[in-house]
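**Student:** Below is the file model_37.cif, with mmCIF, C-alpha atoms and all ligand atoms.
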```cif
data_coords
#
loop_
_atom_site.label_atom_id
_atom_site.label_comp_id
_atom_site.auth_asym_id
_atom_site.auth_seq_id
_atom_site.Cartn_x
_atom_site.Cartn_y
_atom_site.Cartn_z
CA MET L 6 105.06 126.24 93.88
CA THR L 7 103.23 126.99 97.16
CA SER L 8 99.53 126.09 97.11
CA LEU L 9 97.27 128.63 98.83
CA ALA L 10 93.73 128.10 100.13
CA VAL L 11 91.47 130.82 101.55
CA TRP L 12 88.65 129.82 103.91
CA LYS L 13 85.63 131.71 105.17
CA PHE L 14 83.86 131.16 108.49
CA ALA L 15 81.44 133.58 110.28
CA SER L 16 82.45 136.94 108.81
CA CYS L 17 81.52 139.83 106.54
CA ASP L 18 84.05 138.89 103.79
CA GLY L 19 85.93 142.16 104.33
CA CYS L 20 89.22 140.40 105.03
CA GLN L 21 88.95 138.38 101.82
CA LEU L 22 88.26 141.63 99.97
CA SER L 23 91.48 143.02 101.45
CA LEU L 24 93.23 139.99 100.03
CA LEU L 25 91.63 140.60 96.64
CA ASP L 26 92.80 144.19 96.91
CA CYS L 27 96.36 142.75 96.83
CA GLU L 28 95.61 141.49 93.29
CA ASP L 29 98.57 143.20 91.58
CA GLU L 30 101.07 142.06 94.21
CA LEU L 31 99.65 138.51 94.23
CA LEU L 32 99.99 138.39 90.44
CA GLU L 33 103.66 139.28 90.89
CA LEU L 34 103.93 136.25 93.17
CA ALA L 35 102.07 134.11 90.62
CA GLY L 36 105.23 132.21 89.73
CA ARG L 37 105.55 131.02 93.33
CA LEU L 38 101.93 130.89 94.47
CA ASP L 39 99.25 128.55 93.21
CA ILE L 40 95.85 129.82 94.41
CA ALA L 41 94.11 126.48 94.72
CA TYR L 42 90.99 127.33 96.72
CA PHE L 43 89.47 130.82 97.02
CA LEU L 44 85.71 130.90 96.49
CA GLU L 45 85.36 134.68 96.97
CA ALA L 46 87.68 135.14 93.99
CA GLY L 47 85.65 132.65 91.94
CA LEU L 48 88.66 130.39 91.56
CA ALA L 49 88.42 126.67 90.97
CA ARG L 50 88.22 124.42 94.00
CA VAL L 51 91.23 122.19 94.06
CA GLU L 52 90.66 119.64 96.79
CA GLY L 53 93.53 118.11 98.66
CA GLU L 54 96.44 119.33 100.76
CA TYR L 55 97.59 122.96 100.90
CA ASP L 56 100.92 124.54 101.84
CA LEU L 57 99.29 127.66 103.22
CA SER L 58 95.73 128.25 104.42
CA ILE L 59 94.42 131.74 105.19
CA VAL L 60 91.36 131.77 107.43
CA GLU L 61 88.78 134.54 107.75
CA GLY L 62 85.94 134.47 110.26
CA SER L 63 85.02 133.05 113.63
CA ILE L 64 83.71 129.69 114.79
CA THR L 65 80.01 129.94 115.63
CA THR L 66 78.52 126.53 114.79
CA ALA L 67 79.38 122.89 115.46
CA GLU L 68 79.94 122.50 111.68
CA ASP L 69 82.46 125.37 111.77
CA ALA L 70 84.32 123.65 114.62
CA GLU L 71 84.53 120.46 112.59
CA ARG L 72 85.53 122.26 109.37
CA ILE L 73 88.36 124.25 110.98
CA ARG L 74 89.86 120.98 112.22
CA GLU L 75 89.69 119.65 108.63
CA VAL L 76 91.43 122.81 107.36
CA ARG L 77 94.21 122.29 109.92
CA ALA L 78 94.60 118.64 108.96
CA ARG L 79 94.94 119.55 105.27
CA SER L 80 97.29 122.53 105.66
CA ARG L 81 100.99 122.76 106.36
CA ARG L 82 100.62 126.32 107.69
CA VAL L 83 97.51 128.19 108.87
CA ILE L 84 97.22 131.98 109.18
CA SER L 85 94.19 133.65 110.78
CA ILE L 86 93.39 137.14 109.50
CA GLY L 87 91.10 139.82 110.92
CA ALA L 88 89.22 140.52 114.13
CA CYS L 89 86.77 137.65 113.56
CA ALA L 90 89.50 135.04 113.06
CA THR L 91 91.80 136.32 115.82
CA ALA L 92 89.30 137.19 118.58
CA GLY L 93 85.78 136.12 117.56
CA GLY L 94 84.91 139.51 116.00
CA ILE L 95 81.96 141.80 116.63
CA GLN L 96 79.75 138.72 116.76
CA ALA L 97 81.54 137.75 120.00
CA LEU L 98 79.30 140.32 121.72
CA ARG L 99 76.97 137.34 122.10
CA ASN L 100 79.55 135.83 124.49
CA PHE L 101 78.43 138.34 127.13
CA ALA L 102 74.78 137.26 126.95
CA ASP L 103 72.60 134.19 126.43
CA VAL L 104 72.60 133.48 122.68
CA ASP L 105 69.13 131.90 122.92
CA ASP L 106 67.72 135.32 123.87
CA PHE L 107 69.11 136.79 120.62
CA VAL L 108 67.93 133.85 118.52
CA SER L 109 64.37 134.14 119.84
CA ILE L 110 64.26 137.88 119.10
CA VAL L 111 65.97 137.89 115.68
CA TYR L 112 64.51 134.82 113.96
CA ALA L 113 60.85 134.16 113.22
CA SER L 114 61.44 130.39 113.52
CA PRO L 115 64.22 130.01 116.10
CA GLN L 116 63.73 126.23 116.22
CA TYR L 117 65.63 125.98 112.90
CA ILE L 118 68.71 127.80 114.21
CA SER L 119 71.61 125.72 115.41
CA THR L 120 74.45 127.74 116.84
CA LEU L 121 77.10 127.71 119.55
CA GLN L 122 76.78 129.91 122.63
CA ASP L 123 80.07 131.69 121.92
CA SER L 124 81.85 133.10 118.86
CA THR L 125 85.50 132.08 119.11
CA ALA L 126 88.68 132.41 117.09
CA PRO L 127 90.00 129.46 115.06
CA GLY L 128 93.03 129.62 117.39
CA ASP L 129 90.76 128.47 120.22
CA HIS L 130 90.15 125.23 118.29
CA ILE L 131 93.35 124.47 116.42
CA ALA L 132 97.03 125.44 116.42
CA VAL L 133 97.46 128.55 114.24
CA ASP L 134 100.87 129.52 112.85
CA PHE L 135 100.25 133.28 112.79
CA GLU L 136 97.43 135.69 113.69
CA LEU L 137 97.19 138.98 111.78
CA HIS L 138 94.93 141.58 113.40
CA GLY L 139 92.75 144.31 111.92
CA CYS L 140 89.16 144.77 110.83
CA PRO L 141 90.09 144.37 108.08
CA PRO L 142 93.88 143.85 108.14
CA ASP L 143 96.23 146.32 106.50
CA LYS L 144 97.19 145.38 102.95
CA GLY L 145 100.91 145.95 103.55
CA GLN L 146 100.87 143.74 106.65
CA LEU L 147 98.93 141.06 104.77
CA LEU L 148 101.51 140.95 101.98
CA GLU L 149 104.36 140.89 104.52
CA VAL L 150 102.83 137.83 106.24
CA ILE L 151 102.26 135.97 102.94
CA SER L 152 105.75 136.84 101.75
CA ALA L 153 107.26 135.71 105.08
CA PHE L 154 105.55 132.32 104.85
CA LEU L 155 106.61 131.92 101.22
CA ASN L 156 110.20 132.54 102.31
CA GLU L 157 109.98 130.45 105.50
CA ARG L 158 110.79 133.38 107.78
CA LYS L 159 109.08 135.14 110.70
CA PRO L 160 106.70 137.96 109.65
CA GLN L 161 107.96 141.43 110.58
CA ILE L 162 104.84 142.96 112.13
CA ALA L 163 105.45 145.77 114.63
CA ALA L 164 104.08 145.02 118.11
CA HIS L 165 103.75 148.62 119.29
CA SER L 166 100.59 150.70 119.75
CA VAL L 167 98.70 153.09 117.46
CA CYS L 168 100.10 155.97 119.56
CA ILE L 169 103.54 155.41 118.00
CA GLU L 170 102.05 155.71 114.49
CA CYS L 171 100.03 158.72 115.61
CA LYS L 172 103.13 160.53 116.94
CA ARG L 173 105.05 159.69 113.75
CA ALA L 174 102.20 161.23 111.73
CA GLY L 175 102.59 164.44 113.76
CA ASN L 176 99.01 164.42 115.03
CA VAL L 177 97.77 166.44 117.96
CA CYS L 178 96.60 163.92 120.58
CA VAL L 179 92.79 164.01 120.68
CA MET L 180 92.77 162.63 124.21
CA VAL L 181 95.18 165.14 125.71
CA ALA L 182 94.00 168.17 123.68
CA HIS L 183 90.25 167.53 123.61
CA GLY L 184 89.51 164.78 126.16
CA THR L 185 88.21 162.53 123.34
CA PRO L 186 88.31 158.84 124.38
CA CYS L 187 90.90 157.02 122.28
CA LEU L 188 92.00 153.38 122.36
CA GLY L 189 95.31 154.19 120.61
CA PRO L 190 97.49 153.50 123.70
CA VAL L 191 96.30 149.87 123.91
CA THR L 192 95.65 149.08 120.23
CA HIS L 193 97.96 147.21 117.87
CA ALA L 194 99.58 149.36 115.18
CA GLY L 195 98.80 148.81 111.51
CA CYS L 196 96.17 151.36 110.46
CA GLY L 197 98.60 154.29 110.37
CA ALA L 198 96.56 156.07 113.08
CA LEU L 199 93.76 156.69 110.60
CA CYS L 200 91.08 157.89 113.04
CA PRO L 201 93.27 160.22 115.14
CA SER L 202 94.57 161.69 111.86
CA TYR L 203 90.95 162.82 111.26
CA HIS L 204 90.60 164.11 114.85
CA ARG L 205 88.66 161.07 116.06
CA GLY L 206 89.51 158.66 118.84
CA CYS L 207 90.78 155.18 117.93
CA TYR L 208 88.09 152.46 118.07
CA GLY L 209 90.54 149.59 118.54
CA CYS L 210 89.84 147.81 115.25
CA PHE L 211 93.37 146.30 115.20
CA GLY L 212 92.87 144.67 118.59
CA PRO L 213 95.09 144.79 121.65
CA MET L 214 98.81 145.51 121.28
CA GLU L 215 101.26 143.07 122.86
CA THR L 216 101.19 144.49 126.42
CA PRO L 217 98.04 146.66 126.69
CA ASN L 218 97.42 148.47 129.97
CA THR L 219 93.65 148.60 129.51
CA GLY L 220 92.99 149.05 133.24
CA SER L 221 95.02 152.26 133.35
CA LEU L 222 93.37 153.66 130.20
CA ALA L 223 89.88 152.80 131.48
CA THR L 224 90.69 154.61 134.74
CA TRP L 225 91.84 157.69 132.78
CA MET L 226 88.59 157.70 130.80
CA ALA L 227 86.50 157.36 133.95
CA GLN L 228 88.44 160.19 135.62
CA HIS L 229 87.70 162.37 132.58
CA GLY L 230 83.96 161.86 132.86
CA LEU L 231 83.22 158.90 130.56
CA PRO L 232 80.48 156.78 132.19
CA GLU L 233 81.54 153.20 132.97
CA ARG L 234 78.94 151.87 130.50
CA ASP L 235 80.56 153.85 127.66
CA VAL L 236 84.07 152.76 128.68
CA VAL L 237 82.96 149.12 128.44
CA ARG L 238 81.17 149.70 125.11
CA LEU L 239 84.21 151.38 123.58
CA HIS L 240 86.41 148.43 124.48
CA ARG L 241 83.88 145.92 123.17
CA THR L 242 83.41 147.32 119.67
CA PHE L 243 85.61 145.32 117.26
CA TYR L 244 87.57 143.09 119.60
CA ALA L 245 84.69 142.41 121.97
CA THR L 246 86.38 139.78 124.12
CA ALA L 247 90.05 140.65 123.62
CA PHE L 248 89.83 144.03 125.42
CA ASP L 249 87.79 142.47 128.23
CA ASP L 250 89.81 144.18 130.98
CA GLY L 251 88.22 147.46 129.88
S1 LIG H 1 87.56 141.13 110.71
FE1 LIG H 1 86.21 142.82 110.09
S2 LIG H 1 86.53 142.98 107.87
FE2 LIG H 1 87.31 140.95 108.47
S3 LIG H 1 85.56 139.54 108.15
FE3 LIG H 1 85.52 140.22 110.32
S4 LIG H 1 84.11 142.00 110.36
FE4 LIG H 1 84.73 141.64 108.19
S1 LIG H 2 95.25 160.58 119.64
FE1 LIG H 2 95.05 158.49 120.42
S2 LIG H 2 96.50 157.31 119.19
FE2 LIG H 2 97.07 159.45 118.97
S3 LIG H 2 98.60 159.81 120.59
FE3 LIG H 2 96.62 160.39 121.42
S4 LIG H 2 95.92 158.56 122.51
FE4 LIG H 2 97.55 157.91 121.08
#
```
As structure tokens, how would this structure be written, given the file I've shared?
**Tutor:**
Amino acid sequence: MTSLAVWKFASCDGCQLSLLDCEDELLELAGRLDIAYFLEAGLARVEGEYDLSIVEGSITTAEDAERIREVRARSRRVISIGACATAGGIQALRNFADVDDFVSIVYASPQYISTLQDSTAPGDHIAVDFELHGCPPDKGQLLEVISAFLNERKPQIAAHSVCIECKRAGNVCVMVAHGTPCLGPVTHAGCGALCPSYHRGCYGCFGPMETPNTGSLATWMAQHGLPERDVVRLHRTFYATAFDDG
């Protein structure tokens, strides 16, 4: 029986909810999977060592940095899921500014706030066995990764861009047809080209694909009239630091 632990760091819990959404499939795996620690699911805390740890959220405090090292020490395998746990998440927007400025504006008593300057991925602190992108990740990809680790094989997650999914769906390209900015050419597949299927540009919520040419896409957007400020903002939405070339 493989023992599974699910850990939360700085996050909105959306990735854990995606995991809960796999309830039926996880029940099918119940004979092979012992969910030992999963607070969001209200399951009992079983302290000790775990075969597989799934981590949601980014590292934003000194306590987080210490805790993620403990998770690594107690886990045979560690998987990071979601934008927060693979690239620091939306909260990594703070990395482009002085966090003390935000703290003084947001909190009435900033002297009680203890935080790190940057929001970083667990992979910046420990060795991670696999990173699954998406905000939140796709349910099918999540199950594929869990199943792969249960069977001691490499997860089969396509490395191509959203454009491939978009073409397969038979969509008219919003960029070519309407000049709508779209991050599909540089974004990791997994959503099924959801936004372009509804005639909207991709917002990059699955993070950069394996070999993104962000410089070329940013140049195209600028040549088609998008102000530089908007080009930068578009690239910094979900994967604030990962698309930094934009
Ligand atoms: S990656 Fe997105 S869905 Fe997951 S915890 Fe972070 S903000 Fe929420
Ligand atoms: S709409 Fe976006 S994702 Fe679809 S083909 Fe065009 S650029 Fe690619």
**Student:** Can you pull out every residue within 12 Å of Leu34 (chain L), counting all atoms listed in the file, but drop anything in the same chain fewer than 5 positions away, and send it as a PyMOL selection string?
**Tutor:** chain L and resi 6-9+27-29+39-40+148+151-152+155-156
**Student:** So that I can check the surroundings of Val191 (chain L), please list as number ranges by chain every protein, DNA and RNA residue that reaches within 8 Å of it, counting all atoms listed in the file and ignoring chain neighbours fewer than 2 positions away.
**Tutor:** L: 166-167, 188-189, 193, 209, 213-214, 216-219, 222
**Student:** Let me have all residues with an atom within 6 Å of ligand LIG 2 (chain H), counting all atoms listed in the file, laid out as a list in words.
**Tutor:**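 The residues near ligand LIG 2 (chain H) are Val167, Cys168, Cys171, Lys172, Cys178, Val179, Met180, Cys187, Gly189, Pro190, Pro201, Gly206 and Cys207 of chain L.
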**Student:** Do you have the CA of Gly62 (chain L)-CA of Lys13 (chain L) distance handy?
**Tutor:** 5.8 Å
**Student:** Taking all atoms listed in the file into account, which residues have an atom no farther than 7 Å from ligand LIG 1 (chain H)? I'd like them as a PDB file with C-alpha atoms, in the frame of the given file.
**Tutor:**
```pdb
ATOM      1  CA  SER L  16      82.450 136.940 108.810  1.00  0.00           C
ATOM      2  CA  CYS L  17      81.520 139.830 106.540  1.00  0.00           C
ATOM      3  CA  ASP L  18      84.050 138.890 103.790  1.00  0.00           C
ATOM      4  CA  GLY L  19      85.930 142.160 104.330  1.00  0.00           C
ATOM      5  CA  CYS L  20      89.220 140.400 105.030  1.00  0.00           C
ATOM      6  CA  GLU L  61      88.780 134.540 107.750  1.00  0.00           C
ATOM      7  CA  GLY L  62      85.940 134.470 110.260  1.00  0.00           C
ATOM      8  CA  GLY L  87      91.100 139.820 110.920  1.00  0.00           C
ATOM      9  CA  ALA L  88      89.220 140.520 114.130  1.00  0.00           C
ATOM     10  CA  CYS L  89      86.770 137.650 113.560  1.00  0.00           C
ATOM     11  CA  ALA L  90      89.500 135.040 113.060  1.00  0.00           C
ATOM     12  CA  GLY L  94      84.910 139.510 116.000  1.00  0.00           C
ATOM     13  CA  ILE L  95      81.960 141.800 116.630  1.00  0.00           C
ATOM     14  CA  GLY L 139      92.750 144.310 111.920  1.00  0.00           C
ATOM     15  CA  CYS L 140      89.160 144.770 110.830  1.00  0.00           C
ATOM     16  CA  PRO L 141      90.090 144.370 108.080  1.00  0.00           C
TER      17      PRO L 141
END
```
**Student:** For Arg72 (chain L), find every residue with an atom within 12 Å (counting only C-alpha atoms), except residues of its own chain fewer than 2 positions away, and show them as a ChimeraX atom specification.
**Tutor:** /L:12-14,60,63-70,74-79,127,130-131
**Student:** Go through L:Asp134, L:Ile169, L:Gln96, L:Glu149 and flag the residue nearest Thr242 (chain L), using all atoms listed in the file for the distances.
**Tutor:**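 When distances to Thr242 (chain L) are compared using all atoms listed in the file, the smallest one comes from L:Gln96.
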**Student:** How many Å lie between CA of Glu215 (chain L) and CA of Ala164 (chain L), rounded to one decimal?
**Tutor:**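 CA of Ala164 (chain L) lies 5.9 Å from CA of Glu215 (chain L).
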**Student:** Quote the spacing between CA of Ala194 (chain L) and CA of Ala92 (chain L) in Å to one decimal place.
**Tutor:** 16.3 Å
**Student:** With all heavy atoms as the target, complete region 122-133 of chain L and hand it back as an mmCIF file, keeping the file's coordinate frame.
**Tutor:**
```cif
data_model
loop_
_atom_site.group_PDB
_atom_site.id
_atom_site.type_symbol
_atom_site.label_atom_id
_atom_site.label_comp_id
_atom_site.auth_asym_id
_atom_site.auth_seq_id
_atom_site.Cartn_x
_atom_site.Cartn_y
_atom_site.Cartn_z
ATOM 1 N N GLN L 122 76.981 128.778 121.711
ATOM 2 C CA GLN L 122 76.780 129.910 122.630
ATOM 3 C C GLN L 122 77.770 131.038 122.330
ATOM 4 O O GLN L 122 77.407 132.196 122.292
ATOM 5 C CB GLN L 122 76.929 129.433 124.083
ATOM 6 C CG GLN L 122 77.156 130.521 125.116
ATOM 7 C CD GLN L 122 76.048 131.580 125.156
ATOM 8 O OE1 GLN L 122 74.858 131.246 125.101
ATOM 9 N NE2 GLN L 122 76.439 132.859 125.236
ATOM 10 N N ASP L 123 79.037 130.674 122.081
ATOM 11 C CA ASP L 123 80.070 131.690 121.920
ATOM 12 C C ASP L 123 80.614 131.756 120.490
ATOM 13 O O ASP L 123 80.609 130.755 119.769
ATOM 14 C CB ASP L 123 81.259 131.403 122.851
ATOM 15 C CG ASP L 123 80.897 131.630 124.310
ATOM 16 O OD1 ASP L 123 79.923 132.367 124.578
ATOM 17 O OD2 ASP L 123 81.584 131.071 125.173
ATOM 18 N N SER L 124 81.093 132.937 120.100
ATOM 19 C CA SER L 124 81.850 133.100 118.860
ATOM 20 C C SER L 124 83.322 133.113 119.246
ATOM 21 O O SER L 124 83.747 133.940 120.064
ATOM 22 C CB SER L 124 81.467 134.428 118.191
ATOM 23 O OG SER L 124 82.345 134.709 117.127
ATOM 24 N N THR L 125 84.098 132.199 118.705
ATOM 25 C CA THR L 125 85.500 132.080 119.110
ATOM 26 C C THR L 125 86.429 132.105 117.900
ATOM 27 O O THR L 125 86.002 131.871 116.757
ATOM 28 C CB THR L 125 85.727 130.772 119.896
ATOM 29 O OG1 THR L 125 85.155 129.697 119.152
ATOM 30 C CG2 THR L 125 85.119 130.824 121.277
ATOM 31 N N ALA L 126 87.687 132.366 118.157
ATOM 32 C CA ALA L 126 88.680 132.410 117.090
ATOM 33 C C ALA L 126 89.095 130.994 116.703
ATOM 34 O O ALA L 126 89.092 130.099 117.554
ATOM 35 C CB ALA L 126 89.898 133.191 117.566
ATOM 36 N N PRO L 127 89.472 130.771 115.448
ATOM 37 C CA PRO L 127 90.000 129.460 115.060
ATOM 38 C C PRO L 127 91.125 128.998 115.997
ATOM 39 O O PRO L 127 91.221 127.815 116.315
ATOM 40 C CB PRO L 127 90.522 129.709 113.640
ATOM 41 C CG PRO L 127 89.606 130.763 113.104
ATOM 42 C CD PRO L 127 89.330 131.663 114.282
ATOM 43 N N GLY L 128 91.926 129.955 116.487
ATOM 44 C CA GLY L 128 93.030 129.620 117.390
ATOM 45 C C GLY L 128 92.582 129.003 118.702
ATOM 46 O O GLY L 128 93.388 128.435 119.434
ATOM 47 N N ASP L 129 91.291 129.131 119.021
ATOM 48 C CA ASP L 129 90.760 128.470 120.220
ATOM 49 C C ASP L 129 90.442 127.004 119.949
ATOM 50 O O ASP L 129 90.116 126.257 120.871
ATOM 51 C CB ASP L 129 89.473 129.173 120.697
ATOM 52 C CG ASP L 129 89.753 130.578 121.201
ATOM 53 O OD1 ASP L 129 90.843 130.781 121.780
ATOM 54 O OD2 ASP L 129 88.902 131.464 120.998
ATOM 55 N N HIS L 130 90.513 126.600 118.665
ATOM 56 C CA HIS L 130 90.150 125.230 118.290
ATOM 57 C C HIS L 130 91.311 124.433 117.720
ATOM 58 O O HIS L 130 91.339 123.209 117.838
ATOM 59 C CB HIS L 130 89.007 125.263 117.247
ATOM 60 C CG HIS L 130 87.775 125.926 117.761
ATOM 61 N ND1 HIS L 130 86.677 125.226 118.200
ATOM 62 C CD2 HIS L 130 87.476 127.241 117.933
ATOM 63 C CE1 HIS L 130 85.755 126.084 118.617
ATOM 64 N NE2 HIS L 130 86.212 127.314 118.453
ATOM 65 N N ILE L 131 92.223 125.143 117.071
ATOM 66 C CA ILE L 131 93.350 124.470 116.420
ATOM 67 C C ILE L 131 94.631 125.274 116.668
ATOM 68 O O ILE L 131 94.559 126.430 117.091
ATOM 69 C CB ILE L 131 93.143 124.368 114.875
ATOM 70 C CG1 ILE L 131 92.971 125.776 114.269
ATOM 71 C CG2 ILE L 131 91.976 123.444 114.530
ATOM 72 C CD1 ILE L 131 93.169 125.843 112.778
ATOM 73 N N ALA L 132 95.765 124.689 116.364
ATOM 74 C CA ALA L 132 97.030 125.440 116.420
ATOM 75 C C ALA L 132 97.120 126.311 115.162
ATOM 76 O O ALA L 132 96.938 125.818 114.042
ATOM 77 C CB ALA L 132 98.198 124.474 116.471
ATOM 78 N N VAL L 133 97.346 127.602 115.355
ATOM 79 C CA VAL L 133 97.460 128.550 114.240
ATOM 80 C C VAL L 133 98.908 129.042 114.181
ATOM 81 O O VAL L 133 99.511 129.331 115.211
ATOM 82 C CB VAL L 133 96.473 129.727 114.453
ATOM 83 C CG1 VAL L 133 96.739 130.853 113.478
ATOM 84 C CG2 VAL L 133 95.032 129.240 114.315
#
```
